[in-house]
$ cat input.pdb   # PDB, C-alpha atoms and all ligand atoms
ATOM      1  CA  MET A 593       1.491 -66.158   1.757
ATOM      2  CA  THR A 594      -0.863 -65.173   4.581
ATOM      3  CA  ASP A 595      -3.303 -62.279   4.848
ATOM      4  CA  SER A 596      -1.376 -60.710   7.702
ATOM      5  CA  PRO A 597      -0.693 -56.987   7.120
ATOM      6  CA  PHE A 598       2.828 -57.534   8.474
ATOM      7  CA  ASP A 599       3.755 -59.265   5.233
ATOM      8  CA  ASP A 600       3.272 -56.052   3.286
ATOM      9  CA  VAL A 601       6.383 -53.953   3.807
ATOM     10  CA  SER A 602       4.748 -50.795   2.438
ATOM     11  CA  HIS A 603       2.900 -50.474   5.756
ATOM     12  CA  PHE A 604       6.173 -49.734   7.438
ATOM     13  CA  LYS A 605       7.210 -46.932   5.088
ATOM     14  CA  MET A 606       4.220 -44.745   5.757
ATOM     15  CA  PRO A 607       5.058 -43.390   9.218
ATOM     16  CA  ARG A 608       8.422 -42.119   8.026
ATOM     17  CA  ASP A 609       6.901 -39.787   5.387
ATOM     18  CA  ILE A 610       4.275 -38.252   7.616
ATOM     19  CA  PRO A 611       6.606 -36.529  10.118
ATOM     20  CA  MET A 612       8.618 -35.145   7.169
ATOM     21  CA  LEU A 613       5.546 -33.499   5.676
ATOM     22  CA  LYS A 614       4.513 -32.248   9.075
ATOM     23  CA  SER A 615       7.841 -30.567   9.727
ATOM     24  CA  LYS A 616       7.743 -28.792   6.353
ATOM     25  CA  PHE A 617       4.251 -27.588   7.113
ATOM     26  CA  ILE A 618       5.254 -26.321  10.555
ATOM     27  CA  PHE A 619       8.253 -24.538   9.036
ATOM     28  CA  LEU A 620       5.936 -22.758   6.601
ATOM     29  CA  ILE A 621       3.540 -21.699   9.337
ATOM     30  CA  ILE A 622       6.417 -20.286  11.372
ATOM     31  CA  MET A 623       8.042 -18.530   8.415
ATOM     32  CA  LEU A 624       4.917 -17.125   6.764
ATOM     33  CA  PRO A 625       4.511 -14.001   8.936
ATOM     34  CA  ALA A 626       8.206 -13.217   8.500
ATOM     35  CA  LEU A 627       7.946 -13.596   4.713
ATOM     36  CA  THR A 628       4.875 -11.389   4.391
ATOM     37  CA  ARG A 629       6.389  -8.792   6.715
ATOM     38  CA  GLU A 630       9.406  -8.698   4.417
ATOM     39  CA  ALA A 631       7.157  -8.121   1.417
ATOM     40  CA  HIS A 632       5.456  -5.180   3.148
ATOM     41  CA  ALA A 633       8.556  -3.583   4.568
ATOM     42  CA  GLU A 634       9.044  -1.293   1.572
ATOM     43  CA  SER A 635       6.614   0.946  -0.207
ATOM     44  CA  ASN A 636       5.266  -0.410  -3.422
ATOM     45  CA  SER A 637       4.163   1.901  -6.233
ATOM     46  CA  ILE A 638       2.363  -0.919  -8.063
ATOM     47  CA  ARG A 639       0.172  -1.496  -5.049
ATOM     48  CA  GLY A 640      -0.017   2.291  -4.733
ATOM     49  CA  LYS A 641      -1.507   2.539  -8.217
ATOM     50  CA  GLU A 642      -4.157  -0.039  -7.317
ATOM     51  CA  LEU A 643      -5.040   1.930  -4.191
ATOM     52  CA  TYR A 644      -5.078   5.186  -6.154
ATOM     53  CA  ASP A 645      -7.322   3.713  -8.833
ATOM     54  CA  SER A 646      -9.785   2.471  -6.247
ATOM     55  CA  ARG A 647      -9.722   5.186  -3.564
ATOM     56  CA  CYS A 648      -8.554   8.480  -5.059
ATOM     57  CA  ILE A 649      -9.911   8.260  -8.584
ATOM     58  CA  ALA A 650     -13.410   9.376  -7.477
ATOM     59  CA  CYS A 651     -11.967  12.874  -7.027
ATOM     60  CA  HIS A 652      -8.506  12.890  -8.596
ATOM     61  CA  SER A 653      -6.628  11.926 -11.698
ATOM     62  CA  ILE A 654      -2.943  12.286 -12.489
ATOM     63  CA  ASP A 655      -3.346  14.647 -15.412
ATOM     64  CA  GLN A 656      -6.722  16.359 -14.984
ATOM     65  CA  ASN A 657      -8.286  18.581 -12.360
ATOM     66  CA  ARG A 658     -11.517  17.016 -11.185
ATOM     67  CA  VAL A 659     -13.228  17.439  -7.794
ATOM     68  CA  GLY A 660      -9.645  17.467  -6.513
ATOM     69  CA  PRO A 661      -6.513  18.794  -8.261
ATOM     70  CA  ALA A 662      -4.459  16.825 -10.826
ATOM     71  CA  HIS A 663      -1.507  15.025  -9.263
ATOM     72  CA  GLN A 664       1.029  15.441 -12.058
ATOM     73  CA  GLY A 665       4.182  16.847 -10.447
ATOM     74  CA  VAL A 666       2.655  17.041  -6.954
ATOM     75  CA  PHE A 667       5.584  15.340  -5.225
ATOM     76  CA  ASN A 668       8.260  17.882  -4.205
ATOM     77  CA  ARG A 669       5.972  20.756  -5.197
ATOM     78  CA  ARG A 670       4.412  23.344  -2.907
ATOM     79  CA  ALA A 671       0.853  22.595  -1.793
ATOM     80  CA  GLY A 672      -1.901  24.207  -3.836
ATOM     81  CA  GLN A 673      -0.018  24.636  -7.122
ATOM     82  CA  ALA A 674      -1.779  22.435  -9.713
ATOM     83  CA  PRO A 675      -2.383  24.798 -12.669
ATOM     84  CA  GLY A 676      -5.997  25.859 -13.109
ATOM     85  CA  TYR A 677      -7.365  24.236  -9.964
ATOM     86  CA  ASN A 678      -9.459  26.291  -7.588
ATOM     87  CA  TYR A 679      -8.028  25.408  -4.165
ATOM     88  CA  SER A 680      -9.441  26.313  -0.774
ATOM     89  CA  GLU A 681      -7.864  29.409   0.774
ATOM     90  CA  ALA A 682      -6.258  27.139   3.357
ATOM     91  CA  LEU A 683      -4.390  25.038   0.790
ATOM     92  CA  LYS A 684      -3.558  27.981  -1.426
ATOM     93  CA  ASN A 685      -1.876  29.736   1.493
ATOM     94  CA  ALA A 686      -0.230  26.684   3.003
ATOM     95  CA  LYS A 687       3.541  27.025   3.094
ATOM     96  CA  LEU A 688       4.150  23.369   2.718
ATOM     97  CA  VAL A 689       6.054  21.262   0.203
ATOM     98  CA  TRP A 690       4.755  17.775  -0.560
ATOM     99  CA  SER A 691       7.345  15.254   0.596
ATOM    100  CA  GLU A 692       7.026  11.723   1.961
ATOM    101  CA  LYS A 693       6.579  13.199   5.419
ATOM    102  CA  THR A 694       4.026  15.892   4.584
ATOM    103  CA  LEU A 695       2.029  13.648   2.240
ATOM    104  CA  ASP A 696       1.909  10.969   4.948
ATOM    105  CA  ALA A 697       0.557  13.495   7.459
ATOM    106  CA  TRP A 698      -1.910  14.866   4.881
ATOM    107  CA  LEU A 699      -3.293  11.483   3.893
ATOM    108  CA  LYS A 700      -3.544  10.446   7.539
ATOM    109  CA  SER A 701      -5.462  13.593   8.450
ATOM    110  CA  PRO A 702      -5.860  16.422   5.915
ATOM    111  CA  GLU A 703      -7.607  18.642   8.448
ATOM    112  CA  GLU A 704      -4.912  18.302  11.110
ATOM    113  CA  THR A 705      -2.226  18.986   8.507
ATOM    114  CA  ILE A 706      -3.869  22.024   6.883
ATOM    115  CA  PRO A 707      -6.880  23.240   8.911
ATOM    116  CA  GLY A 708      -9.685  24.594   6.741
ATOM    117  CA  GLN A 709      -8.763  22.462   3.706
ATOM    118  CA  ALA A 710     -11.438  20.869   1.522
ATOM    119  CA  MET A 711     -10.465  17.209   1.045
ATOM    120  CA  GLY A 712     -12.958  15.024   2.879
ATOM    121  CA  TYR A 713     -11.003  11.802   2.729
ATOM    122  CA  SER A 714      -8.214  10.145   4.712
ATOM    123  CA  VAL A 715      -6.176   6.930   4.665
ATOM    124  CA  SER A 716      -5.759   5.284   8.069
ATOM    125  CA  ASP A 717      -3.338   2.485   7.157
ATOM    126  CA  ALA A 718       0.360   3.494   7.184
ATOM    127  CA  GLN A 719       1.348   0.930   4.547
ATOM    128  CA  ASP A 720      -1.437   2.119   2.241
ATOM    129  CA  ARG A 721      -0.181   5.687   2.638
ATOM    130  CA  ALA A 722       3.424   4.681   1.924
ATOM    131  CA  ASP A 723       2.349   2.821  -1.232
ATOM    132  CA  LEU A 724       0.191   5.710  -2.433
ATOM    133  CA  ILE A 725       3.078   8.133  -1.895
ATOM    134  CA  ALA A 726       5.449   5.823  -3.801
ATOM    135  CA  TYR A 727       2.982   5.984  -6.694
ATOM    136  CA  LEU A 728       2.612   9.794  -6.566
ATOM    137  CA  LYS A 729       6.402  10.095  -6.459
ATOM    138  CA  LYS A 730       6.553   8.620  -9.960
ATOM    139  CA  PHE A 731       4.877  11.772 -11.285
ATOM    140  CA  SER A 732       7.357  14.119  -9.701
ATOM    141  CA  THR A 733       8.812  16.585 -12.183
ATOM    142  CA  ARG A 734      11.660  17.819 -10.018
TER     143      ARG A 734
HETATM  144  C1  LIG B   1     -13.906  13.105  -1.905
HETATM  145  C2  LIG B   1     -12.955  13.614  -2.854
HETATM  146  C3  LIG B   1     -11.510  13.271  -2.637
HETATM  147  C4  LIG B   1     -10.936  12.046  -2.482
HETATM  148  C5  LIG B   1     -11.612  10.677  -2.444
HETATM  149  C6  LIG B   1      -9.506  12.259  -2.407
HETATM  150  N1  LIG B   1      -9.231  13.598  -2.485
HETATM  151 FE1  LIG B   1      -7.374  14.467  -2.447
HETATM  152  N2  LIG B   1      -8.216  16.298  -2.631
HETATM  153  C7  LIG B   1      -9.573  16.541  -2.741
HETATM  154  C8  LIG B   1      -9.791  17.990  -2.803
HETATM  155  C9  LIG B   1     -11.137  18.677  -2.953
HETATM  156  C10 LIG B   1      -8.511  18.571  -2.699
HETATM  157  C11 LIG B   1      -8.214  20.075  -2.660
HETATM  158  C12 LIG B   1      -8.313  20.502  -1.197
HETATM  159  C13 LIG B   1      -8.286  21.992  -0.969
HETATM  160  O1  LIG B   1      -8.313  22.782  -1.927
HETATM  161  O2  LIG B   1      -8.282  22.369   0.229
HETATM  162  C14 LIG B   1      -7.552  17.489  -2.590
HETATM  163  C15 LIG B   1      -6.176  17.660  -2.495
HETATM  164  C16 LIG B   1      -5.255  16.650  -2.464
HETATM  165  C17 LIG B   1      -3.811  16.845  -2.425
HETATM  166  C18 LIG B   1      -3.061  18.180  -2.435
HETATM  167  C19 LIG B   1      -2.692  18.479  -3.895
HETATM  168  C20 LIG B   1      -1.992  19.784  -4.139
HETATM  169  O3  LIG B   1      -1.872  20.128  -5.326
HETATM  170  O4  LIG B   1      -1.584  20.475  -3.198
HETATM  171  C21 LIG B   1      -3.244  15.612  -2.423
HETATM  172  C22 LIG B   1      -1.776  15.280  -2.401
HETATM  173  C23 LIG B   1      -4.323  14.644  -2.440
HETATM  174  N3  LIG B   1      -5.521  15.313  -2.461
HETATM  175  C24 LIG B   1      -4.146  13.277  -2.456
HETATM  176  C25 LIG B   1      -5.188  12.347  -2.438
HETATM  177  C26 LIG B   1      -5.000  10.923  -2.473
HETATM  178  C27 LIG B   1      -3.649  10.222  -2.592
HETATM  179  C28 LIG B   1      -6.234  10.353  -2.409
HETATM  180  C29 LIG B   1      -6.593   8.874  -2.356
HETATM  181  C30 LIG B   1      -6.123   8.167  -1.205
HETATM  182  C31 LIG B   1      -7.205  11.426  -2.344
HETATM  183  N4  LIG B   1      -6.538  12.626  -2.376
HETATM  184  C32 LIG B   1      -8.581  11.250  -2.275
HETATM  185  C33 LIG B   1     -10.581  15.607  -2.807
HETATM  186  C34 LIG B   1     -10.417  14.244  -2.649
END

$ encode --input "input.pdb" --output "structure tokens"
Amino acid sequence: MTDSPFDDVSHFKMPRDIPMLKSKFIFLIIMLPALTREAHAESNSIRGKELYDSRCIACHSIDQNRVGPAHQGVFNRRAGQAPGYNYSEALKNAKLVWSEKTLDAWLKSPEETIPGQAMGYSVSDAQDRADLIAYLKKFSTR
């Protein structure tokens, strides 16, 4: 026996494992954006609830009129119809039914959708809007 490192065979196994690990890592880096894009491709009412509970709850609730109207049954209903809520004239008179399309426009820019309305809040991110709408849809009554 000598002290030469060449006597220890384990030294020669190492380099084979390293490229393997590296290629798996590179695969993950390449695939990651594709995987996350997949996860965001559809609207998600669970994420919508989280957004609702953090961003809308200051003024709204599902079943009670607060600063803003209750959202029970809002999807597929005409604008300005929550019972007992005192809407702006603009919303009361709006001939608009809340659908995915109209809610998306409303959340993106309430004032451009119904000029003279009274909601001082908007949601700039399209995915956030889609998720919020998916959540509101769950409380549709028709
Ligand atoms: C700062 C308070 C405030 C916040 C925050 C807010 N809203 Fe509103 N919202 C209002 C008010 C006030 C109205 C009624 C507007 C009117 O009468 O013109 C309204 C109306 C609405 C309507 C129309 C309801 C109907 O019955 O026609 C929808 C839909 C809506 N809000 C969704 C949302 C969502 C979703 C969020 C969270 C992303 C949100 N709002 C955040 C105040 C708010």

$ residues_around --input "input.pdb" --residues "Arg639 of chain A" --least-positions-apart "4" --cutoff "9 Å" --atoms "only C-alpha atoms" --output "count of residues only"
7

$ resolve_selection --input "input.pdb" --expression "the PyMOL selection byres (((chain A and resi 678) around 12) and not hetatm)" --output "MDAnalysis selection string"
chainID A and resid 657:662 672:677 679:684 709:710

$ atom_distance --input "input.pdb" --atom1 "atom CA of Gln664 of chain A" --atom2 "atom CA of Phe731 of chain A"
5.4 Å

$ closest_residue --input "input.pdb" --among "A:Leu728, A:Ala722, A:Ser714, A:Lys614" --to "Arg647 of chain A" --atoms "only C-alpha atoms"
A:Ser714

$ residues_near_point --input "input.pdb" --point "(6.6, 23.4, -0.8)" --cutoff "10 Å" --atoms "only C-alpha atoms" --output "ChimeraX atom specification"
/A:666-673,686-691,694

$ atom_distance --input "input.pdb" --atom1 "atom CA of Gln719 of chain A" --atom2 "atom CA of Glu642 of chain A"
13.1 Å

$ atom_distance --input "input.pdb" --atom1 "atom C16 of ligand LIG 1 (chain B)" --atom2 "atom CA of Ala697 of chain A"
11.9 Å

$ closest_residue --input "input.pdb" --among "A:Tyr713, A:Gly640, A:Lys700, A:Gly665" --to "ligand LIG 1 (chain B)" --atoms "all atoms listed in the file"
A:Tyr713

$ closest_residue --input "input.pdb" --among "A:Ser615, A:Glu704, A:Met711, A:Asn685" --to "ligand LIG 1 (chain B)" --atoms "all atoms listed in the file"
A:Met711

$ axis_aligned_box --input "input.pdb" --around "segment 707-723 of chain A" --padding-each-side "8 Å" --output "AutoDock Vina command-line options"
--center_x -4.8 --center_y 12.8 --center_z 3.8 --size_x 32.4 --size_y 39.7 --size_z 26.1

$ closest_residue --input "input.pdb" --among "A:Pro702, A:Ser637, A:Arg721, A:His663" --to "Thr733 of chain A" --atoms "all atoms listed in the file"
A:His663
